[in-house]
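Chemist: My questions all concern the structure below.
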Amino acid sequence: MKKSSKTKSWGDATLAIHTGEEKFRVGAPVGTSIARTSNFTFASTEEMKRWAEGKSSAYIYSRYGNPTLAIAEKKIAALEGAEDAVVTASGTAAISSALLSQLRAGEEVIATRQLYGGSYRLFRDVLPRLGIVVRHVETDLAGIERLVGPRTKVLYIETPTNPTLRLVDLKKAVAFAQEWGLVSLIDNTFASPVLQKPLSMGFNIVLHSASKYLAGHSDVIAGAAAGNSVLIEQVRAMVIQIGGSMDPEAAFLLIRGMKTLGVRIERQCKNAMLVAKFLEKHPKVASVHYPGLPSHPDYALAKRQMRGFGAMMAFDLKGGLGAARRFCDRVRVFLLAASLGGVESLVVLPIYTSHYKMSTAELRAAGVGPGTVRVSVGLEDPEDLIEDLRQALG
C-alpha cells in the first residue's frame, strides 16, 4: 500500500489506528467489521471471466483475499513503510512462503546462524529436502563474502535474535545483499516496526510473527510479510498455493492489537530496562542478554540502528539447568509460557521450547545454555515484576 499524500506525515500510532479503514462518512462503524465468509458472489459470468483473466480485483474466496485481511495488510504496510503486505496464518507461514517465493531447487540461501528455533529447523530440516542449499554466517557477518556464489539468491537475517538478543548490522547486511544482487529478508518480530524499519534501510522483505508484538494479546496466531508490490505479490501467490492464508477472525484480532502497538511497546521497553538492571545486579545471575545494557556486546549498534531496546531479554543462572527450573517453577507474576510480545510477562526455558531438538553444539552456537531463561516483559507494574523476580531467585 503506497501512502497517500494524506498519510505521508502521520506517525506510527495514527497509521496503526486509521490506515485501511474508511470511517469518514455518515453511519460508518468505528469498530472494524469482520468479513466472516469463505466466498463472495459475482454479479455476472462476465465479471467472473474478468477475474480469471486477471482484469478484476474482486474478492472470490477468502484464501485469495478478504476485506478484513486487506485492512490488516494496509496497516502493516504503512507501519513498515512498504508498498504492500500480506498476512498469513502464522509467522512460520510468512517465513516459509517468502523463502519459497524466491528460492528454487539448486539455489542457495545465506542465513545468520542465531535464529528462532523454528526458523533454524526450517533451514536445517526442510529446505535441504527441497534441494535448497543453506549456508550459515554469524551475526557479525564475518567472512560472509566466502559464502556467496553464482547460485546464492537470498540473504536471511533475524535481529535482534531469539533468544540472546544479538544484533546484525543492518547497513552492512544491506550493502552485501545489494553488492551481490541478493533478495534480502529480515525477521523483524522482536523489534517491531515501532523500533526498527528495515525497508527504509534497503531490505527487500520484512517478516513478522504477528502473534507477538503486532497483535500483542496472546490470543491469535498470525504472520506477515511486507515489501515492494512485486515481491509481495510473489509471496502472496505462494501463500495462496500452499495454503497459509489468515482467517478473517484472526485478522480482526490483529487489527485490534495493532491499534495499541505504540503505547504497549513504549511501556514494555521501560519495564524491560528496569528488569534488566535488576537482574544484572543479582548475585545468582551470571549474565544478562539485553541490548539496552552497556555490557551487551551490541549495545553501541543497538543505539545506532534501533529507536529503543525492546522488551525481550535472556539471562543465564549460575546454577545451570537446576537453578533455571527452580526459578521458572517459583514465579508468580511472570507466567511460565512460550511465545512473547503480549501484555503478560513471560519466562521460558529455550532448551524445552524454541530451541528443542537442537544438539549441544547447535545450542552453543545459538548462545543458549542449560541455565538460559528467556524473558518477555509485559505491562504489569514494574515494582511487582521485580519483586517476583527477587522471590523466585531466592
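Residues are named by chain letter and number: chains run A, B, ... in the order of the C-alpha cells, numbers start at 1 in each chain, and ligands are numbered from 1 in the order shown.
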Considering only C-alpha atoms, return as a ChimeraX atom specification whatever protein or nucleic-acid residues lie within 8 Å of Ile71 of chain A, sequence-local ones (same chain, fewer than 2 positions apart) excluded.

Modeler: /A:19-21,67-69,73-75,255

Chemist: Restrict the selected residues to N, CA and C atoms and save them as an mmCIF file, in the first residue's frame.

Modeler:
data_model
loop_
_atom_site.group_PDB
_atom_site.id
_atom_site.type_symbol
_atom_site.label_atom_id
_atom_site.label_comp_id
_atom_site.auth_asym_id
_atom_site.auth_seq_id
_atom_site.Cartn_x
_atom_site.Cartn_y
_atom_site.Cartn_z
ATOM 1 N N THR A 19 -5.155 3.638 9.219
ATOM 2 C CA THR A 19 -4.878 3.156 7.863
ATOM 3 C C THR A 19 -5.802 2.005 7.486
ATOM 4 N N GLY A 20 -6.313 2.063 6.273
ATOM 5 C CA GLY A 20 -7.113 0.971 5.729
ATOM 6 C C GLY A 20 -8.570 0.986 6.108
ATOM 7 N N GLU A 21 -8.970 1.930 6.945
ATOM 8 C CA GLU A 21 -10.355 1.946 7.418
ATOM 9 C C GLU A 21 -11.008 3.266 7.025
ATOM 10 N N PRO A 67 -11.782 -8.703 2.722
ATOM 11 C CA PRO A 67 -11.719 -7.296 3.131
ATOM 12 C C PRO A 67 -11.084 -7.066 4.504
ATOM 13 N N THR A 68 -11.315 -7.971 5.445
ATOM 14 C CA THR A 68 -10.724 -7.789 6.776
ATOM 15 C C THR A 68 -9.217 -8.015 6.732
ATOM 16 N N LEU A 69 -8.785 -9.020 5.975
ATOM 17 C CA LEU A 69 -7.353 -9.237 5.794
ATOM 18 C C LEU A 69 -6.706 -8.023 5.135
ATOM 19 N N GLU A 73 -3.416 -5.859 6.269
ATOM 20 C CA GLU A 73 -2.270 -5.732 5.363
ATOM 21 C C GLU A 73 -1.908 -4.270 5.123
ATOM 22 N N LYS A 74 -2.907 -3.414 4.981
ATOM 23 C CA LYS A 74 -2.631 -1.992 4.760
ATOM 24 C C LYS A 74 -1.983 -1.359 5.985
ATOM 25 N N LYS A 75 -2.406 -1.765 7.163
ATOM 26 C CA LYS A 75 -1.809 -1.223 8.383
ATOM 27 C C LYS A 75 -0.340 -1.633 8.508
ATOM 28 N N ILE A 255 -5.757 -6.593 13.850
ATOM 29 C CA ILE A 255 -6.070 -5.173 13.651
ATOM 30 C C ILE A 255 -6.289 -4.481 14.994
#

Chemist: For segment 103-109 of chain A, list every protein, DNA or RNA residue within 12 Å, evaluated using only C-alpha atoms, and leave out those in the same chain fewer than 3 positions away; present the list as a VMD selection string.

Modeler: chain A and resid 96 to 100 112 to 113 123 to 124 127 to 137 144 147 to 157 177 182 to 185 234 to 235 238

Chemist: Considering only strand (DSSP E or B) as DSSP defines it on the backbone, what residues of segment 26-240 of chain A qualify? List them as a VMD selection string.

Modeler: chain A and resid 39 61 84 to 88 108 to 112 133 to 137 152 to 158 183 to 187 205 to 209 223 to 227

Chemist: Return as a ChimeraX atom specification the full set of residues in segment 208-244 of chain A whose backbone-based DSSP assignment is helix (DSSP H, G or I).

Modeler: /A:229-242

Chemist: Filtering to C-alpha atoms, could you give me those residues as a PDB file, in the first residue's frame?

Modeler:
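File written: out_15.pdb
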ATOM      1  CA  SER A 229       4.470  -4.733  -4.565  1.00  0.00           C
ATOM      2  CA  VAL A 230       6.277  -7.077  -6.984  1.00  0.00           C
ATOM      3  CA  LEU A 231       7.947  -9.171  -4.289  1.00  0.00           C
ATOM      4  CA  ILE A 232       4.882  -9.260  -2.038  1.00  0.00           C
ATOM      5  CA  GLU A 233       2.720 -10.404  -4.930  1.00  0.00           C
ATOM      6  CA  GLN A 234       5.132 -13.326  -5.311  1.00  0.00           C
ATOM      7  CA  VAL A 235       4.856 -14.088  -1.598  1.00  0.00           C
ATOM      8  CA  ARG A 236       1.060 -13.790  -1.755  1.00  0.00           C
ATOM      9  CA  ALA A 237       0.927 -16.260  -4.638  1.00  0.00           C
ATOM     10  CA  MET A 238       2.941 -18.753  -2.594  1.00  0.00           C
ATOM     11  CA  VAL A 239       0.686 -18.237   0.433  1.00  0.00           C
ATOM     12  CA  ILE A 240      -2.341 -18.997  -1.738  1.00  0.00           C
ATOM     13  CA  GLN A 241      -0.724 -22.017  -3.350  1.00  0.00           C
ATOM     14  CA  ILE A 242       0.482 -23.711  -0.164  1.00  0.00           C
TER      15      ILE A 242
END

Chemist: Can you pull out the residues contacting segment 345-360 of chain A? Cut-off 7 Å, using only C-alpha atoms, and skip same-chain residues under 2 positions away; I want them as a PyMOL selection string.

Modeler: chain A and resi 116-118+328+334-338+340+343+362-364+370+372-378

Chemist: Using only C-alpha atoms, which protein or nucleic acid residues come within 10 Å of Ala16 of chain A? Drop anything in the same chain fewer than 5 positions from it, and give the result as a list in words.

Modeler: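 So, after excluding close chain neighbours, the residues are Trp10, Gly11, Ala72, Lys74, Lys75, Ile76, Ala77, Ala78, Leu79, Leu214, Ile255, Arg256, Gly257, Met258, Lys259, Thr260, Leu261 and Gly262 of chain A.
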
Chemist: Write out as a list of chain:residue names the residues lying within 10 Å of Gly310 of chain A, counting only C-alpha atoms and excluding same-chain residues fewer than 3 positions away.

Modeler: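 Residues near the query, excluding close chain neighbours: A:Pro160, A:Leu165, A:Phe190, A:Ala191, A:Ser192, A:Val194, A:Leu195, A:Gln196, A:Ile265, A:Glu266, A:Arg267, A:Gln268, A:Cys269, A:Lys270, A:Asn271, A:Ala272, A:Met273, A:Tyr290, A:Pro291, A:Gly292, A:Ala302, A:Met306, A:Arg307, A:Met313, A:Gly341, A:Ser376, A:Val377.
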
Chemist: Now that the selection is made, can you save its residues with C-alpha atoms as a compact mmCIF listing (two decimals), in the first residue's frame?

Modeler:
# COMPACT_ATOMS: atom_id res chain seq x y z
CA PRO A 160 17.55 -8.86 17.46
CA LEU A 165 19.29 -10.55 21.57
CA PHE A 190 11.48 -8.79 18.25
CA ALA A 191 11.88 -5.12 17.30
CA SER A 192 8.52 -4.45 15.65
CA VAL A 194 7.99 0.83 16.17
CA LEU A 195 11.67 0.27 16.99
CA GLN A 196 13.15 -0.67 13.61
CA ILE A 265 5.96 -1.04 23.18
CA GLU A 266 6.77 2.20 24.99
CA ARG A 267 5.69 0.80 28.38
CA GLN A 268 7.24 -2.60 27.78
CA CYS A 269 10.60 -1.05 26.93
CA LYS A 270 10.58 0.96 30.14
CA ASN A 271 9.68 -2.11 32.19
CA ALA A 272 12.32 -4.19 30.43
CA MET A 273 15.12 -1.77 31.25
CA TYR A 290 19.67 -7.20 26.80
CA PRO A 291 20.89 -4.71 24.17
CA GLY A 292 19.95 -1.78 26.39
CA ALA A 302 21.51 -1.05 19.11
CA MET A 306 17.06 0.96 16.83
CA ARG A 307 14.68 3.52 18.32
CA MET A 313 15.87 -10.42 27.10
CA GLY A 341 5.14 -9.89 22.99
CA SER A 376 9.22 -11.36 27.60
CA VAL A 377 8.42 -8.27 29.65

Chemist: How many Å lie between atom CA of Pro198 of chain A and atom CA of Glu249 of chain A, rounded to one decimal?

Modeler: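 These atoms are spaced 28.6 Å apart.
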
Chemist: Segment 38-130 of chain A near segment 220-228 of chain A within 8 Å: what's each residue's closest atom pair and its distance in Å to one decimal, counting only C-alpha atoms, ordered by chain then ascending residue number, as JSON lines?

Modeler:
{"residue": "A:Glu73", "atom": "CA", "partner": "A:Ala224", "partner_atom": "CA", "distance": 7.9}
{"residue": "A:Ile76", "atom": "CA", "partner": "A:Ala226", "partner_atom": "CA", "distance": 7.2}
{"residue": "A:Ala77", "atom": "CA", "partner": "A:Ala226", "partner_atom": "CA", "distance": 5.9}
{"residue": "A:Glu80", "atom": "CA", "partner": "A:Ala226", "partner_atom": "CA", "distance": 7.2}
{"residue": "A:Ala82", "atom": "CA", "partner": "A:Gly227", "partner_atom": "CA", "distance": 4.9}
{"residue": "A:Glu83", "atom": "CA", "partner": "A:Asn228", "partner_atom": "CA", "distance": 4.9}
{"residue": "A:Asp84", "atom": "CA", "partner": "A:Gly227", "partner_atom": "CA", "distance": 5.8}
{"residue": "A:Ala85", "atom": "CA", "partner": "A:Ala226", "partner_atom": "CA", "distance": 4.1}
{"residue": "A:Val86", "atom": "CA", "partner": "A:Ala225", "partner_atom": "CA", "distance": 5.4}
{"residue": "A:Val87", "atom": "CA", "partner": "A:Ala224", "partner_atom": "CA", "distance": 4.3}
{"residue": "A:Thr88", "atom": "CA", "partner": "A:Gly223", "partner_atom": "CA", "distance": 4.7}
{"residue": "A:Ala89", "atom": "CA", "partner": "A:Ala222", "partner_atom": "CA", "distance": 4.9}
{"residue": "A:Ser90", "atom": "CA", "partner": "A:Ala222", "partner_atom": "CA", "distance": 4.0}
{"residue": "A:Gly91", "atom": "CA", "partner": "A:Gly223", "partner_atom": "CA", "distance": 3.8}
{"residue": "A:Thr92", "atom": "CA", "partner": "A:Gly223", "partner_atom": "CA", "distance": 7.1}
{"residue": "A:Ala93", "atom": "CA", "partner": "A:Gly223", "partner_atom": "CA", "distance": 6.7}
{"residue": "A:Ala94", "atom": "CA", "partner": "A:Gly223", "partner_atom": "CA", "distance": 5.4}
{"residue": "A:Ile95", "atom": "CA", "partner": "A:Ala225", "partner_atom": "CA", "distance": 7.8}
{"residue": "A:Ala98", "atom": "CA", "partner": "A:Ala225", "partner_atom": "CA", "distance": 7.4}

Chemist: Rounded to one decimal, what separation in Å do you get between atom CA of Gly143 of chain A and atom CA of Tyr120 of chain A?

Modeler: 20.0 Å

Chemist: Please determine, counting only C-alpha atoms, which residue among A:Thr164, A:Ala210, A:Val174, A:Glu344 has the shortest atom-to-atom distance to Ser287 of chain A.

Modeler: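 Going through A:Thr164, A:Ala210, A:Val174, A:Glu344 one by one, the smallest distance to Ser287 of chain A is for A:Thr164.
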
Chemist: Rounded to one decimal, what separation in Å do you get between atom CA of Val285 of chain A and atom CA of Gly369 of chain A?

Modeler: 13.1 Å

Chemist: Would you pick out the contacts of Arg390 of chain A at 10 Å or less, using only C-alpha atoms, so that residues sharing its chain but fewer than 6 positions from it are not included, and give the list as a VMD selection string?

Modeler: chain A and resid 278 to 279 282 327 331 384
